[in-house]
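structure-v6.pdb follows; it contains PDB, C-alpha atoms, pLDDT in the B column.
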```
ATOM      1  CA  MET P 107     135.860 130.189  24.805  1.00 84.00           C
ATOM      2  CA  ARG P 108     134.592 126.641  25.060  1.00 92.00           C
ATOM      3  CA  THR P 109     135.982 123.121  25.310  1.00 94.00           C
ATOM      4  CA  GLY P 110     136.831 121.707  21.896  1.00 96.00           C
ATOM      5  CA  GLU P 111     137.544 125.096  20.333  1.00 96.00           C
ATOM      6  CA  GLU P 112     140.469 124.979  17.893  1.00 97.00           C
ATOM      7  CA  LEU P 113     143.072 127.731  17.926  1.00 97.00           C
ATOM      8  CA  ALA P 114     144.297 129.067  14.602  1.00 97.00           C
ATOM      9  CA  PRO P 115     147.684 127.548  13.664  1.00 98.00           C
ATOM     10  CA  LEU P 116     150.936 129.510  13.738  1.00 98.00           C
ATOM     11  CA  GLU P 117     153.786 128.871  11.311  1.00 98.00           C
ATOM     12  CA  ILE P 118     157.272 129.672  12.589  1.00 98.00           C
ATOM     13  CA  ALA P 119     160.272 129.649  10.277  1.00 98.00           C
ATOM     14  CA  VAL P 120     163.040 127.748  12.056  1.00 98.00           C
ATOM     15  CA  THR P 121     166.082 129.794  11.130  1.00 98.00           C
ATOM     16  CA  ARG P 122     169.649 129.443  12.284  1.00 96.00           C
ATOM     17  CA  THR P 123     169.291 132.887  13.873  1.00 97.00           C
ATOM     18  CA  LEU P 124     166.178 131.848  15.826  1.00 97.00           C
ATOM     19  CA  ILE P 125     167.932 128.737  17.152  1.00 97.00           C
ATOM     20  CA  VAL P 126     171.097 130.563  18.209  1.00 96.00           C
ATOM     21  CA  ALA P 127     169.264 133.622  19.592  1.00 96.00           C
ATOM     22  CA  GLY P 128     166.914 131.407  21.625  1.00 96.00           C
ATOM     23  CA  ALA P 129     169.837 129.481  23.083  1.00 96.00           C
ATOM     24  CA  ILE P 130     171.690 132.679  23.994  1.00 96.00           C
ATOM     25  CA  ALA P 131     168.570 134.320  25.472  1.00 95.00           C
ATOM     26  CA  SER P 132     167.993 131.286  27.694  1.00 94.00           C
ATOM     27  CA  ARG P 133     171.714 131.056  28.571  1.00 94.00           C
ATOM     28  CA  ASP P 134     171.999 127.609  27.043  1.00 89.00           C
ATOM     29  CA  TYR P 135     175.527 127.636  25.654  1.00 91.00           C
ATOM     30  CA  GLN P 136     175.648 123.970  24.654  1.00 90.00           C
ATOM     31  CA  ASP P 137     177.540 123.798  21.385  1.00 93.00           C
ATOM     32  CA  VAL P 138     174.844 121.728  19.627  1.00 90.00           C
ATOM     33  CA  HIS P 139     172.657 124.858  19.599  1.00 93.00           C
ATOM     34  CA  HIS P 140     175.185 127.132  17.847  1.00 94.00           C
ATOM     35  CA  ASP P 141     178.087 125.158  16.312  1.00 91.00           C
ATOM     36  CA  ALA P 142     177.052 123.068  13.293  1.00 94.00           C
ATOM     37  CA  GLU P 143     180.403 121.276  12.996  1.00 96.00           C
ATOM     38  CA  THR P 144     180.330 120.159  16.631  1.00 95.00           C
ATOM     39  CA  ALA P 145     176.659 119.175  16.342  1.00 95.00           C
ATOM     40  CA  ARG P 146     177.568 116.920  13.373  1.00 96.00           C
ATOM     41  CA  ARG P 147     180.468 115.374  15.301  1.00 96.00           C
ATOM     42  CA  LYS P 148     177.959 114.541  18.046  1.00 96.00           C
ATOM     43  CA  GLY P 149     175.607 112.806  15.597  1.00 96.00           C
ATOM     44  CA  SER P 150     173.176 115.564  14.613  1.00 96.00           C
ATOM     45  CA  PRO P 151     172.869 116.743  11.006  1.00 96.00           C
ATOM     46  CA  ASP P 152     172.949 120.391  12.162  1.00 96.00           C
ATOM     47  CA  ILE P 153     172.357 122.630  15.178  1.00 96.00           C
ATOM     48  CA  PHE P 154     168.895 122.266  16.721  1.00 95.00           C
ATOM     49  CA  MET P 155     166.494 124.295  18.851  1.00 97.00           C
ATOM     50  CA  ASN P 156     166.698 123.983  22.634  1.00 97.00           C
ATOM     51  CA  ILE P 157     163.724 123.167  24.844  1.00 96.00           C
ATOM     52  CA  LEU P 158     163.580 126.630  26.433  1.00 97.00           C
ATOM     53  CA  THR P 159     163.090 128.287  23.042  1.00 97.00           C
ATOM     54  CA  THR P 160     160.344 125.796  22.213  1.00 98.00           C
ATOM     55  CA  ASN P 161     158.749 126.436  25.618  1.00 97.00           C
ATOM     56  CA  GLY P 162     158.730 130.178  24.951  1.00 97.00           C
ATOM     57  CA  LEU P 163     157.247 129.734  21.477  1.00 98.00           C
ATOM     58  CA  VAL P 164     154.456 127.516  22.865  1.00 98.00           C
ATOM     59  CA  GLY P 165     153.640 130.154  25.495  1.00 97.00           C
ATOM     60  CA  ARG P 166     153.692 132.903  22.857  1.00 96.00           C
ATOM     61  CA  TYR P 167     151.393 130.883  20.629  1.00 98.00           C
ATOM     62  CA  VAL P 168     148.755 130.468  23.331  1.00 97.00           C
ATOM     63  CA  THR P 169     148.839 134.085  24.520  1.00 96.00           C
ATOM     64  CA  ASP P 170     148.800 135.383  20.928  1.00 96.00           C
ATOM     65  CA  ARG P 171     145.677 133.332  20.253  1.00 96.00           C
ATOM     66  CA  LEU P 172     143.853 133.989  23.543  1.00 95.00           C
ATOM     67  CA  GLY P 173     144.858 137.631  23.998  1.00 92.00           C
ATOM     68  CA  PRO P 174     147.500 139.666  25.812  1.00 89.00           C
ATOM     69  CA  ALA P 175     145.616 139.674  29.136  1.00 93.00           C
ATOM     70  CA  THR P 176     145.871 135.862  29.295  1.00 94.00           C
ATOM     71  CA  VAL P 177     148.275 134.707  32.022  1.00 95.00           C
ATOM     72  CA  LEU P 178     150.299 131.516  31.644  1.00 96.00           C
ATOM     73  CA  ARG P 179     149.934 129.380  34.781  1.00 97.00           C
ATOM     74  CA  LYS P 180     151.701 126.208  33.611  1.00 97.00           C
ATOM     75  CA  VAL P 181     153.438 125.052  30.439  1.00 97.00           C
ATOM     76  CA  ALA P 182     154.170 121.313  30.341  1.00 97.00           C
ATOM     77  CA  ILE P 183     155.837 120.135  27.124  1.00 98.00           C
ATOM     78  CA  ARG P 184     157.650 117.117  25.748  1.00 98.00           C
ATOM     79  CA  LEU P 185     160.053 117.305  22.807  1.00 97.00           C
ATOM     80  CA  GLY P 186     160.092 114.894  19.904  1.00 97.00           C
ATOM     81  CA  ALA P 187     161.660 115.471  16.472  1.00 97.00           C
ATOM     82  CA  PRO P 188     164.330 118.201  16.551  1.00 97.00           C
ATOM     83  CA  ASN P 189     163.802 121.616  14.947  1.00 97.00           C
ATOM     84  CA  TYR P 190     166.622 122.137  12.440  1.00 97.00           C
ATOM     85  CA  PRO P 191     167.399 125.309  10.481  1.00 98.00           C
ATOM     86  CA  GLY P 192     165.462 125.636   7.224  1.00 97.00           C
ATOM     87  CA  ASP P 193     162.346 123.876   8.494  1.00 97.00           C
ATOM     88  CA  THR P 194     158.988 125.321   9.539  1.00 98.00           C
ATOM     89  CA  MET P 195     157.266 124.505  12.798  1.00 98.00           C
ATOM     90  CA  VAL P 196     153.471 124.689  12.782  1.00 98.00           C
ATOM     91  CA  LEU P 197     151.858 125.095  16.190  1.00 98.00           C
ATOM     92  CA  SER P 198     148.210 124.171  16.654  1.00 98.00           C
ATOM     93  CA  GLY P 199     146.034 123.979  19.725  1.00 98.00           C
ATOM     94  CA  ARG P 200     142.681 122.894  21.076  1.00 98.00           C
ATOM     95  CA  VAL P 201     140.912 123.968  24.277  1.00 97.00           C
ATOM     96  CA  THR P 202     140.520 120.822  26.377  1.00 98.00           C
ATOM     97  CA  ALA P 203     138.932 122.336  29.493  1.00 97.00           C
ATOM     98  CA  VAL P 204     137.435 125.585  30.710  1.00 95.00           C
ATOM     99  CA  GLY P 205     137.111 125.966  34.458  1.00 93.00           C
ATOM    100  CA  GLU P 206     134.580 127.982  36.395  1.00 92.00           C
ATOM    101  CA  ASP P 207     137.556 129.554  38.189  1.00 93.00           C
ATOM    102  CA  GLY P 208     138.592 131.480  35.071  1.00 92.00           C
ATOM    103  CA  THR P 209     141.228 128.997  33.904  1.00 95.00           C
ATOM    104  CA  ALA P 210     141.507 126.980  30.729  1.00 96.00           C
ATOM    105  CA  GLU P 211     143.679 124.144  29.439  1.00 97.00           C
ATOM    106  CA  VAL P 212     144.982 124.069  25.896  1.00 98.00           C
ATOM    107  CA  ALA P 213     146.570 121.019  24.237  1.00 98.00           C
ATOM    108  CA  VAL P 214     149.358 122.164  21.902  1.00 98.00           C
ATOM    109  CA  VAL P 215     151.174 120.288  19.137  1.00 98.00           C
ATOM    110  CA  GLY P 216     154.084 121.588  17.079  1.00 98.00           C
ATOM    111  CA  THR P 217     155.038 119.729  13.908  1.00 98.00           C
ATOM    112  CA  ASN P 218     157.900 120.156  11.461  1.00 98.00           C
ATOM    113  CA  GLY P 219     159.069 118.395   8.293  1.00 97.00           C
ATOM    114  CA  ILE P 220     160.190 115.272  10.143  1.00 97.00           C
ATOM    115  CA  GLY P 221     157.377 114.847  12.664  1.00 98.00           C
ATOM    116  CA  ARG P 222     156.089 116.144  15.973  1.00 98.00           C
ATOM    117  CA  HIS P 223     158.553 118.528  17.536  1.00 98.00           C
ATOM    118  CA  VAL P 224     156.526 119.309  20.667  1.00 98.00           C
ATOM    119  CA  THR P 225     153.376 118.159  22.449  1.00 98.00           C
ATOM    120  CA  GLY P 226     152.073 119.623  25.647  1.00 98.00           C
ATOM    121  CA  THR P 227     149.438 121.250  27.760  1.00 98.00           C
ATOM    122  CA  VAL P 228     149.225 124.905  28.692  1.00 98.00           C
ATOM    123  CA  THR P 229     147.119 126.076  31.628  1.00 97.00           C
ATOM    124  CA  VAL P 230     146.079 129.719  31.539  1.00 97.00           C
ATOM    125  CA  ALA P 231     144.152 132.205  33.640  1.00 95.00           C
ATOM    126  CA  LEU P 232     141.721 133.992  31.390  1.00 89.00           C
ATOM    127  CA  PRO P 233     141.037 137.702  31.727  1.00 82.00           C
ATOM    128  CA  ALA P 234     137.930 138.532  33.723  1.00 77.00           C
ATOM    129  CA  ALA P 235     134.886 139.471  31.695  1.00 64.00           C
ATOM    130  CA  PRO P 236     134.370 143.214  31.570  1.00 59.00           C
ATOM    131  CA  ALA P 237     132.208 144.419  34.433  1.00 54.00           C
ATOM    132  CA  ALA P 238     128.776 145.811  33.690  1.00 56.00           C
ATOM    133  CA  PRO P 239     128.690 149.596  33.643  1.00 61.00           C
ATOM    134  CA  ALA P 240     128.080 151.041  37.078  1.00 57.00           C
ATOM    135  CA  ALA P 241     124.763 152.707  37.810  1.00 57.00           C
ATOM    136  CA  PRO P 242     124.943 156.481  37.778  1.00 60.00           C
ATOM    137  CA  ALA P 243     125.794 157.913  41.152  1.00 57.00           C
ATOM    138  CA  ALA P 244     123.088 159.682  43.128  1.00 55.00           C
ATOM    139  CA  PRO P 245     123.460 163.456  43.150  1.00 57.00           C
ATOM    140  CA  ALA P 246     125.585 164.660  46.002  1.00 55.00           C
ATOM    141  CA  ALA P 247     123.910 166.379  48.922  1.00 53.00           C
ATOM    142  CA  PRO P 248     124.508 170.107  49.086  1.00 54.00           C
ATOM    143  CA  ALA P 249     127.651 170.915  50.942  1.00 51.00           C
ATOM    144  CA  ALA P 250     127.290 172.108  54.500  1.00 51.00           C
ATOM    145  CA  PRO P 251     128.231 175.720  55.056  1.00 51.00           C
ATOM    146  CA  ALA P 252     131.883 176.006  55.816  1.00 50.00           C
ATOM    147  CA  GLU P 253     132.667 176.413  59.467  1.00 50.00           C
ATOM    148  CA  ARG P 254     134.259 179.637  60.445  1.00 50.00           C
ATOM    149  CA  ASP P 255     137.701 179.318  61.868  1.00 54.00           C
ATOM    150  CA  GLU P 256     139.741 181.611  64.075  1.00 58.00           C
ATOM    151  CA  ARG P 257     141.395 183.263  61.064  1.00 57.00           C
ATOM    152  CA  ASP P 258     138.024 184.397  59.689  1.00 58.00           C
ATOM    153  CA  GLU P 259     137.088 185.898  63.060  1.00 61.00           C
ATOM    154  CA  ARG P 260     140.520 187.558  63.382  1.00 61.00           C
ATOM    155  CA  ASP P 261     140.251 189.024  59.863  1.00 60.00           C
ATOM    156  CA  GLU P 262     136.807 190.460  60.634  1.00 63.00           C
ATOM    157  CA  ARG P 263     138.036 191.900  63.973  1.00 63.00           C
ATOM    158  CA  ASP P 264     141.043 193.490  62.249  1.00 61.00           C
ATOM    159  CA  GLU P 265     138.741 195.057  59.636  1.00 62.00           C
ATOM    160  CA  ARG P 266     136.441 196.488  62.346  1.00 63.00           C
ATOM    161  CA  GLU P 267     139.314 197.864  64.374  1.00 65.00           C
ATOM    162  CA  GLY P 268     140.956 199.321  61.295  1.00 61.00           C
ATOM    163  CA  ALA P 269     137.716 201.105  60.288  1.00 54.00           C
ATOM    164  CA  ALA P 270     137.321 202.710  63.710  1.00 53.00           C
TER     165      ALA P 270
END
```
Re-express the file's structure as structure tokens.
Amino acid sequence: MRTGEELAPLEIAVTRTLIVAGAIASRDYQDVHHDAETARRKGSPDIFMNILTTNGLVGRYVTDRLGPATVLRKVAIRLGAPNYPGDTMVLSGRVTAVGEDGTAEVAVVGTNGIGRHVTGTVTVALPAAPAAPAAPAAPAAPAAPAERDERDERDERDEREGAA
């Protein structure tokens, strides 16, 4: 991975189910995320996605693109245009920094039919490069003869006495 590298985009269908399920999963029971009639009364054309669902989708996007061993260290996002049911959000990203400490920064943008839904920066810890194969181990030294213990001596004595 190198600075300037573009991540492949990800298209996410913004369904009513995704919006409601994301709100429930994040325990965000605000009515504007599940009740269309109430959302309209409050000035929105429909229910809309909450920030925690967007945050999770941004994290998923980065780890899907960089691999399952990638660890999210920080996700910093800002919302813009709402995600309404029936739209598609397209996430895209670009590596903005790669640290010598095994971290990287990725700038992420998510757009939908009315504009930018999310912009942000994700900091990740990258998986360590696979270690070089270890050199073959030296052959083991021959084992020392086992020490005799009291049981061995007792067994031999019993055999001698029994034979006599």
Practice problem: Just give me the gap between atom CA of P:Leu197 and atom CA of P:Ala127 in Å, one decimal is fine. | Solution: 19.7 Å
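Atom pair atom CA of P:Val224 / atom CA of P:Glu111 has a distance of 19.8 Å (rounded to one decimal).
If only C-alpha atoms are the atoms counted, then among P:Ala234, P:Val164, P:Val138, P:Val214 the closest residue to P:Asp152 is P:Val138.
When atom CA of P:Gly221 is paired with atom CA of P:Leu185, their separation reads 10.8 Å.
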Quiz prompt | Minimum-distance residue to P:Leu172, chosen among P:Gly216, P:Gly199, P:Gln136, P:Gly110 (using only C-alpha atoms) | solution = P:Gly199
Quiz prompt | Who sits within 9 Å of P:Gly219, all atoms listed in the file, same chain under 5 positions skipped, as a ChimeraX atom specification | solution = /P:189,193-195
Self-check item: Test item: residues at most 12 Å from P:Ile157, all atoms listed in the file, excluding those fewer than 5 positions along its chain, as a ChimeraX atom specification
Solution: /P:125,128-129,132-134,136,139,162-164,181-189,223-225
Exercise. Check which residues satisfy the PyMOL selection byres ((chain P and resi 204) around 10) in the file shown, then give them as a PyMOL selection string.
Key: chain P and resi 107-110+201-203+205-212+229-232
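Considering the residues P:Ser150, P:Thr176, P:Asn156, P:Thr123 and counting all atoms listed in the file, P:Tyr135 has its shortest atom-to-atom contact with P:Asn156.
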